[in-house]
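Notes for the one structure printed next.
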Amino acid sequence: MKEVFDVQLFRENSETAVGILEKHLSDQSVRGLELVDPAVLSRAARALMTTEHERVADFDGAKLAGILDLYVRTGIAVHSPGSMGRQFSGVVPLAGVVEFVSSVVNQPSSFYEAAQLPNVAEQIMAEELNRFIGWPAGRFEMLTTSGGSLANLTALLAARNKAFPDFWAEGGPGAAGDGRPAIAVGEDVHYSVSRAAGVLGIGEAQIVRLPLNEERQICPVRAETALAAAERRGLRVFCVVASAGSTSVGAFDPLDELADLAHRRGAWLHVDGAHGASLLVSDRLRAKLRGIAKADSLTWDAHKMMFVPAPCTLLFYREREHSLGAFRQQASYVFDEEPDPYTALDSGDRTFECTKRPMIMALWTLWSVYGRALFADKIEQLCRATALAYEVLLEQPDFEVLHRPEANILCFRHRPAGLSDPGPADERELHRLQVAIRNRVKQNGTFFISKVDIDGTAALRVVLMNHETTTEHFRMLLHEIRHAAQDIRTTARGNR
Ligand SMILES: Cc1ncc(COP(=O)(O)O)c(C=O)c1O
C-alpha cells in the first residue's frame, strides 16, 4: 500500500504524463477526431488492465503510460485547427497545470472549510466579472455549478420558488387562481432549459415558445403577443429565458427589451449566456449583451469561451436573497446554525451539488497571471475569424450560408449542382446530404464539425474555438466537404 502513495512514484509518472501532453500539444497538424469502433477501444482498454485482484498489483509504468496515451489519442483533437465542431475548446494549457494540482489536493468547494482559496477566488472572480455586468456591489451573488445545464435548472428553480413560494413544501402550483406555472423561451433555446421545465414539474406543455426574427433572436413585439395569449390560457409565466449566444447559430436575444417585457409582467429574466456571456469581457463585443444588468440571473460557462477545462460554470444572481431561494433543506452535519465569517462563504445551501470541483481555480489563476486581455483578445480573434469564414462562404455558389455570425458559430449548407431547385423533395435530399457529409467528414478525421437542424433541415455547423484556425483552414474544410458530397452522391447513384 505504501508504494501506491510513494511521492517519488508520483513525480516520475507526472513527468511521463507531461511528456505525453507535450507531444500532443506540439502536434499542430490539422486533425479532427480519430473515431474508433467502441469494441476495438474496449479491447485496447481491457488489455491495459491488471488481471491481479487478490493483492495490490505491482506498479507497471508501461501500463499507466499506455492508458494516458490511449486517453489522449482518442479525444477530439481540441488543440488542432481542424477541431471546429463543439463549444468546448483546447484549453489554455496552463489551466491544466492548475487542474492537476486541484486533483491532488482534492478540495471540494461547496464549503469554505474544505476549500478556502477556491471560495475566496470565487468571490474575487464574481467581483471581477461583475464589472462587466454592472450590478451594484454587495447585492449580487455568484456561485459555481457543474455545467450550464445545472445552472439553468438552478436559476429556474429560484425563479419558480419566488413566484410560487409554497411549491417547494406543498408541491403543485399552490393557491387556486395563481395560474399554472409556465416559462417562456425562444424557439432556439438550449435543450437543458426544456429539460429543466420537466424536472421542475412545470411540464413541457407549459413552455411558451417565443417567435424569432430573421436573425433567430426573440422578437420582443411578437413575444408580448405570445405572453398575453399564454395568460389568457391560464398560464402564469414566471420566467422568460433569453439566450446570449444560442447554441445553434450563436444569436443574442435583445436583453434590454426582454427584461422590460418580463418585469412588466412580474416575471424573472434568466439569461442563458452559457456560450456568449464571455463576450462581456471584450470592450468591442460587450454591446451584444446590452441590458444584461437588468437580468435577474445569468448562466456563464467559462469552459466554453474562457478556455478552461470543463466544467466551470458561473451562475450569477442580481439579488443575493434570490440565490437562497432555490433550495431549502436541513442538514445539521454541514449547515451551521450560527453563521460565522468562515461559513459565510459556503455555497452548499445554494447549489444542488454537495461535492463539486474547485472549478474556479483554473479561471482565477489565468485571470491572475494574464489578466482580462487574454480572454478578450482570443474571443475577438475567434469572432473575426468567423466573420471571415462567412465572407468566404458568400463567394461559393455551391454553399448557402444561413446567417450572418454574431459570434463564433456559423451554419451553412452545401448545395451542389443538381440539388439546387428548391422544393419539398429537394429539402429532404438536402437534409440527408448534410447529415451524411457531417458523418463522412468526422470519419475522415481531418476536421471535426457538427450539424444542427434549422427550420427542420440539417445544416453544417462550425464553432471556431481555436485562435490558430485561419481562413485557409476553412477553405480546406469546404474542399473536404465538396469531396465528401461527391463520394456520397456517387455511392448513392451506384446503389440505385
Ligand atoms: C446556450 C447553452 N446553454 C446551455 C448549455 C449547456 O451547458 P453545459 O454543456 O455546460 O451543461 C449549452 C451547451 O452547449 C449552451 O450552448
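Labels used: A, B, ... for chains in the order of the C-alpha cells, numbers from 1 for residues in each chain, and numbers from 1 for ligands as shown.
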
| task | Using DSSP on the backbone coordinates, identify all residues within segment 302-457 of chain A classified as strand (DSSP E or B); present the result as a list of chain:residue names. | result | A:Thr313, A:Leu314, A:Leu315, A:Phe316, A:Tyr317, A:Phe399, A:Glu400, A:Val401, A:Ile409, A:Leu410, A:Cys411, A:Phe412, A:Arg413, A:His414, A:Phe448, A:Ser450, A:Lys451, A:Val452, A:Asp453, A:Ile454, A:Thr457

| request: Find the residues around segment 104-114 of chain A up to 6 Å (only C-alpha atoms counted), leave out those fewer than 3 positions away in its own chain, and share them as a list in words. | output: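 The filter keeps Val101, Asn119, Leu345, Asp346, Ser347, Gly348, Thr355, Lys356, Arg357 and Pro358 of chain A.
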
With all heavy atoms retained, could you export that selection as a JSON list (two decimals), in the first residue's frame?
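Dumped everything to out_0.json:
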[["chain", "number", "residue", "atom", "x", "y", "z"],
["A", 101, "VAL", "N", -3.14, 20.18, -9.97],
["A", 101, "VAL", "CA", -2.98, 20.44, -8.54],
["A", 101, "VAL", "C", -4.32, 20.22, -7.82],
["A", 101, "VAL", "O", -4.38, 19.59, -6.77],
["A", 101, "VAL", "CB", -2.43, 21.86, -8.30],
["A", 101, "VAL", "CG1", -2.39, 22.19, -6.80],
["A", 101, "VAL", "CG2", -1.04, 21.99, -8.91],
["A", 119, "ASN", "N", -12.90, 29.21, -2.50],
["A", 119, "ASN", "CA", -14.06, 30.03, -2.13],
["A", 119, "ASN", "C", -13.73, 31.52, -2.18],
["A", 119, "ASN", "O", -14.56, 32.32, -2.62],
["A", 119, "ASN", "CB", -14.58, 29.62, -0.75],
["A", 119, "ASN", "CG", -15.54, 28.44, -0.86],
["A", 119, "ASN", "OD1", -16.69, 28.61, -1.24],
["A", 119, "ASN", "ND2", -15.05, 27.25, -0.58],
["A", 345, "LEU", "N", -18.98, 32.15, 3.40],
["A", 345, "LEU", "CA", -18.62, 31.91, 2.00],
["A", 345, "LEU", "C", -19.12, 30.56, 1.49],
["A", 345, "LEU", "O", -18.96, 30.25, 0.31],
["A", 345, "LEU", "CB", -17.10, 31.98, 1.82],
["A", 345, "LEU", "CG", -16.47, 33.36, 1.93],
["A", 345, "LEU", "CD1", -15.02, 33.32, 1.44],
["A", 345, "LEU", "CD2", -17.24, 34.40, 1.15],
["A", 346, "ASP", "N", -19.72, 29.75, 2.31],
["A", 346, "ASP", "CA", -20.23, 28.45, 1.85],
["A", 346, "ASP", "C", -21.29, 28.64, 0.77],
["A", 346, "ASP", "O", -22.10, 29.57, 0.85],
["A", 346, "ASP", "CB", -20.89, 27.69, 3.02],
["A", 346, "ASP", "CG", -19.89, 27.23, 4.07],
["A", 346, "ASP", "OD1", -18.68, 27.41, 3.84],
["A", 346, "ASP", "OD2", -20.34, 26.71, 5.10],
["A", 347, "SER", "N", -21.29, 27.76, -0.20],
["A", 347, "SER", "CA", -22.34, 27.85, -1.23],
["A", 347, "SER", "C", -23.21, 26.60, -1.24],
["A", 347, "SER", "O", -24.11, 26.47, -2.07],
["A", 347, "SER", "CB", -21.71, 28.06, -2.63],
["A", 347, "SER", "OG", -20.87, 26.96, -2.93],
["A", 348, "GLY", "N", -22.95, 25.68, -0.31],
["A", 348, "GLY", "CA", -23.67, 24.41, -0.30],
["A", 348, "GLY", "C", -25.18, 24.56, -0.18],
["A", 348, "GLY", "O", -25.94, 23.70, -0.64],
["A", 355, "THR", "N", -20.85, 17.97, -3.18],
["A", 355, "THR", "CA", -19.42, 17.93, -3.51],
["A", 355, "THR", "C", -19.26, 18.43, -4.94],
["A", 355, "THR", "O", -19.94, 17.94, -5.84],
["A", 355, "THR", "CB", -18.91, 16.48, -3.42],
["A", 355, "THR", "OG1", -19.16, 15.99, -2.11],
["A", 355, "THR", "CG2", -17.43, 16.40, -3.72],
["A", 356, "LYS", "N", -18.42, 19.41, -5.15],
["A", 356, "LYS", "CA", -18.16, 19.86, -6.53],
["A", 356, "LYS", "C", -16.69, 20.24, -6.68],
["A", 356, "LYS", "O", -16.03, 20.57, -5.69],
["A", 356, "LYS", "CB", -19.09, 21.01, -6.92],
["A", 356, "LYS", "CG", -18.91, 22.27, -6.12],
["A", 356, "LYS", "CD", -19.85, 23.40, -6.56],
["A", 356, "LYS", "CE", -19.63, 24.62, -5.69],
["A", 356, "LYS", "NZ", -20.49, 25.75, -5.97],
["A", 357, "ARG", "N", -16.24, 20.21, -7.91],
["A", 357, "ARG", "CA", -14.83, 20.53, -8.18],
["A", 357, "ARG", "C", -14.55, 22.00, -7.82],
["A", 357, "ARG", "O", -15.42, 22.86, -8.00],
["A", 357, "ARG", "CB", -14.52, 20.37, -9.67],
["A", 357, "ARG", "CG", -14.66, 18.98, -10.21],
["A", 357, "ARG", "CD", -13.40, 18.17, -10.11],
["A", 357, "ARG", "NE", -12.27, 18.74, -10.83],
["A", 357, "ARG", "CZ", -11.02, 18.26, -10.73],
["A", 357, "ARG", "NH1", -10.77, 17.23, -9.96],
["A", 357, "ARG", "NH2", -10.03, 18.81, -11.41],
["A", 358, "PRO", "N", -13.34, 22.29, -7.40],
["A", 358, "PRO", "CA", -12.98, 23.70, -7.18],
["A", 358, "PRO", "C", -12.70, 24.35, -8.54],
["A", 358, "PRO", "O", -11.59, 24.73, -8.87],
["A", 358, "PRO", "CB", -11.71, 23.60, -6.32],
["A", 358, "PRO", "CG", -11.12, 22.28, -6.70],
["A", 358, "PRO", "CD", -12.23, 21.37, -7.08]]

| query | Taking only C-alpha atoms and all ligand atoms into account, which residues are within 9 Å of ligand 1, as a PyMOL selection string? | reply | chain A and resi 86-88+145-152+188-193+243-248+250+272-276+299-304+310-313

May I have a table of the residues of segment 293-393 of chain A lying at most 9 Å from segment 474-484 of chain A, giving each one's closest pair of atoms and their distance in Å to one decimal, counting only C-alpha atoms, ordered by chain and ascending residue number, as a Markdown table?
| residue | atom | partner | partner_atom | distance |
| --- | --- | --- | --- | --- |
| A:Ala389 | CA | A:Phe474 | CA | 6.5 |
| A:Val392 | CA | A:Arg475 | CA | 7.7 |
| A:Leu393 | CA | A:Leu478 | CA | 8.7 |

| Which one of A:Pro165, A:Pro220, A:Gly171, A:Pro339 sits closest to Ala326 of chain A if you count only C-alpha atoms? |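 Residue with the minimum atom-to-atom distance to Ala326 of chain A: A:Pro165.
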
| DSSP helix (DSSP H, G or I) residues within segment 349-420 of chain A, listed as number ranges by chain | A: 360-370, 372-394

Residues of the last selection are to be written out with N, CA, C and O atoms, as a short mmCIF file (atom, residue, chain, number, x, y, z; two decimals), in the first residue's frame.
data_model
loop_
_atom_site.label_atom_id
_atom_site.label_comp_id
_atom_site.auth_asym_id
_atom_site.auth_seq_id
_atom_site.Cartn_x
_atom_site.Cartn_y
_atom_site.Cartn_z
N ILE A 360 -13.26 26.99 -10.07
CA ILE A 360 -12.86 28.38 -10.31
C ILE A 360 -11.34 28.52 -10.42
O ILE A 360 -10.83 29.49 -10.97
N MET A 361 -10.60 27.54 -9.88
CA MET A 361 -9.16 27.74 -9.72
C MET A 361 -8.42 28.01 -11.02
O MET A 361 -7.54 28.87 -11.08
N ALA A 362 -8.78 27.26 -12.08
CA ALA A 362 -8.07 27.46 -13.35
C ALA A 362 -8.40 28.85 -13.89
O ALA A 362 -7.50 29.59 -14.35
N LEU A 363 -9.66 29.22 -13.83
CA LEU A 363 -10.06 30.52 -14.36
C LEU A 363 -9.41 31.66 -13.58
O LEU A 363 -8.83 32.58 -14.15
N TRP A 364 -9.49 31.56 -12.27
CA TRP A 364 -8.92 32.63 -11.44
C TRP A 364 -7.40 32.73 -11.66
O TRP A 364 -6.84 33.82 -11.73
N THR A 365 -6.74 31.57 -11.79
CA THR A 365 -5.29 31.60 -11.97
C THR A 365 -4.93 32.28 -13.30
O THR A 365 -4.05 33.16 -13.34
N LEU A 366 -5.63 31.92 -14.38
CA LEU A 366 -5.33 32.55 -15.68
C LEU A 366 -5.61 34.05 -15.62
O LEU A 366 -4.87 34.87 -16.16
N TRP A 367 -6.71 34.39 -14.95
CA TRP A 367 -7.08 35.81 -14.81
C TRP A 367 -6.01 36.55 -14.01
O TRP A 367 -5.64 37.68 -14.32
N SER A 368 -5.50 35.87 -12.98
CA SER A 368 -4.47 36.50 -12.13
C SER A 368 -3.15 36.66 -12.88
O SER A 368 -2.46 37.66 -12.74
N VAL A 369 -2.81 35.64 -13.67
CA VAL A 369 -1.49 35.64 -14.32
C VAL A 369 -1.49 36.53 -15.56
O VAL A 369 -0.55 37.29 -15.79
N TYR A 370 -2.56 36.45 -16.38
CA TYR A 370 -2.55 37.16 -17.66
C TYR A 370 -3.51 38.36 -17.72
O TYR A 370 -3.40 39.19 -18.62
N ARG A 372 -7.46 40.25 -17.97
CA ARG A 372 -8.65 40.16 -18.83
C ARG A 372 -8.31 40.02 -20.32
O ARG A 372 -9.01 39.35 -21.08
N ALA A 373 -7.20 40.69 -20.75
CA ALA A 373 -6.94 40.79 -22.19
C ALA A 373 -6.73 39.42 -22.84
O ALA A 373 -7.04 39.25 -24.02
N LEU A 374 -6.24 38.46 -22.10
CA LEU A 374 -6.07 37.11 -22.68
C LEU A 374 -7.41 36.66 -23.26
O LEU A 374 -7.49 36.17 -24.39
N PHE A 375 -8.46 36.81 -22.47
CA PHE A 375 -9.78 36.32 -22.87
C PHE A 375 -10.38 37.21 -23.96
O PHE A 375 -10.90 36.73 -24.96
N ALA A 376 -10.29 38.52 -23.73
CA ALA A 376 -10.89 39.47 -24.70
C ALA A 376 -10.23 39.31 -26.07
O ALA A 376 -10.91 39.21 -27.09
N ASP A 377 -8.90 39.22 -26.09
CA ASP A 377 -8.19 39.15 -27.38
C ASP A 377 -8.55 37.87 -28.11
O ASP A 377 -8.79 37.86 -29.31
N LYS A 378 -8.58 36.77 -27.37
CA LYS A 378 -8.85 35.49 -28.04
C LYS A 378 -10.29 35.46 -28.56
O LYS A 378 -10.55 35.04 -29.69
N ILE A 379 -11.22 35.92 -27.76
CA ILE A 379 -12.63 35.91 -28.19
C ILE A 379 -12.79 36.81 -29.43
O ILE A 379 -13.47 36.43 -30.39
N GLU A 380 -12.16 37.97 -29.40
CA GLU A 380 -12.29 38.87 -30.57
C GLU A 380 -11.70 38.22 -31.81
O GLU A 380 -12.26 38.30 -32.91
N GLN A 381 -10.58 37.55 -31.64
CA GLN A 381 -9.95 36.88 -32.78
C GLN A 381 -10.87 35.79 -33.35
O GLN A 381 -11.00 35.64 -34.57
N LEU A 382 -11.51 35.03 -32.47
CA LEU A 382 -12.41 33.96 -32.93
C LEU A 382 -13.60 34.54 -33.69
O LEU A 382 -14.02 34.00 -34.72
N CYS A 383 -14.12 35.65 -33.18
CA CYS A 383 -15.28 36.27 -33.86
C CYS A 383 -14.84 36.84 -35.21
O CYS A 383 -15.58 36.74 -36.20
N ARG A 384 -13.63 37.41 -35.26
CA ARG A 384 -13.12 37.94 -36.56
C ARG A 384 -12.95 36.79 -37.55
O ARG A 384 -13.34 36.88 -38.70
N ALA A 385 -12.37 35.68 -37.08
CA ALA A 385 -12.14 34.53 -37.97
C ALA A 385 -13.47 34.00 -38.50
O ALA A 385 -13.57 33.58 -39.66
N THR A 386 -14.50 34.03 -37.67
CA THR A 386 -15.82 33.53 -38.10
C THR A 386 -16.42 34.48 -39.13
O THR A 386 -17.04 34.05 -40.11
N ALA A 387 -16.22 35.78 -38.92
CA ALA A 387 -16.73 36.76 -39.90
C ALA A 387 -16.02 36.55 -41.25
O ALA A 387 -16.65 36.63 -42.32
N LEU A 388 -14.74 36.23 -41.22
CA LEU A 388 -14.00 35.99 -42.47
C LEU A 388 -14.50 34.71 -43.15
O LEU A 388 -14.64 34.65 -44.38
N ALA A 389 -14.77 33.70 -42.34
CA ALA A 389 -15.30 32.44 -42.91
C ALA A 389 -16.64 32.71 -43.59
O ALA A 389 -16.93 32.16 -44.67
N TYR A 390 -17.42 33.57 -43.00
CA TYR A 390 -18.71 33.95 -43.59
C TYR A 390 -18.49 34.60 -44.96
O TYR A 390 -19.17 34.27 -45.94
N GLU A 391 -17.50 35.49 -45.03
CA GLU A 391 -17.19 36.16 -46.31
C GLU A 391 -16.78 35.11 -47.36
O GLU A 391 -17.18 35.19 -48.51
N VAL A 392 -15.99 34.14 -46.94
CA VAL A 392 -15.56 33.08 -47.86
C VAL A 392 -16.78 32.33 -48.39
O VAL A 392 -16.90 32.06 -49.59
N LEU A 393 -17.69 32.02 -47.50
CA LEU A 393 -18.88 31.25 -47.90
C LEU A 393 -19.74 32.02 -48.91
O LEU A 393 -20.30 31.43 -49.84
N LEU A 394 -19.81 33.33 -48.71
CA LEU A 394 -20.64 34.13 -49.62
C LEU A 394 -20.15 34.02 -51.07
O LEU A 394 -20.93 34.17 -52.00
#

| query | Which one is closest to Glu122 of chain A: A:Glu141, A:Lys288, A:Arg195, A:Phe238? Count only C-alpha atoms. | reply | A:Glu141

| For Arg461 of chain A: contacts at 7 Å, only C-alpha atoms, fewer than 3 positions along chain excluded, given as a ChimeraX atom specification | /A:85,410-412,449-452

Writer output for current selection, C-alpha atoms, as an mmCIF file, in the first residue's frame:
data_model
loop_
_atom_site.group_PDB
_atom_site.id
_atom_site.type_symbol
_atom_site.label_atom_id
_atom_site.label_comp_id
_atom_site.auth_asym_id
_atom_site.auth_seq_id
_atom_site.Cartn_x
_atom_site.Cartn_y
_atom_site.Cartn_z
ATOM 1 C CA GLY A 85 -17.369 21.276 -34.049
ATOM 2 C CA LEU A 410 -21.574 29.663 -38.305
ATOM 3 C CA CYS A 411 -24.155 27.447 -40.015
ATOM 4 C CA PHE A 412 -24.363 26.688 -43.697
ATOM 5 C CA ILE A 449 -17.628 19.781 -37.385
ATOM 6 C CA SER A 450 -21.183 19.447 -36.074
ATOM 7 C CA LYS A 451 -24.674 19.656 -37.507
ATOM 8 C CA VAL A 452 -27.874 21.317 -36.414
#

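Here atom CA of Ala158 of chain A is placed at a distance of 12.6 Å from atom CA of Ala197 of chain A.
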
| query | Please, what distance in Å, to one decimal, runs between atom CA of His473 of chain A and atom CA of Ala417 of chain A? | reply | 23.8 Å

| said: Here is a test: counting only C-alpha atoms, which residue of A:Ser282, A:Ser42, A:Asn13, A:Ser83 is nearest to Leu64 of chain A? | reply: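 Ranking A:Ser282, A:Ser42, A:Asn13, A:Ser83 by distance to Leu64 of chain A, first place goes to A:Asn13.
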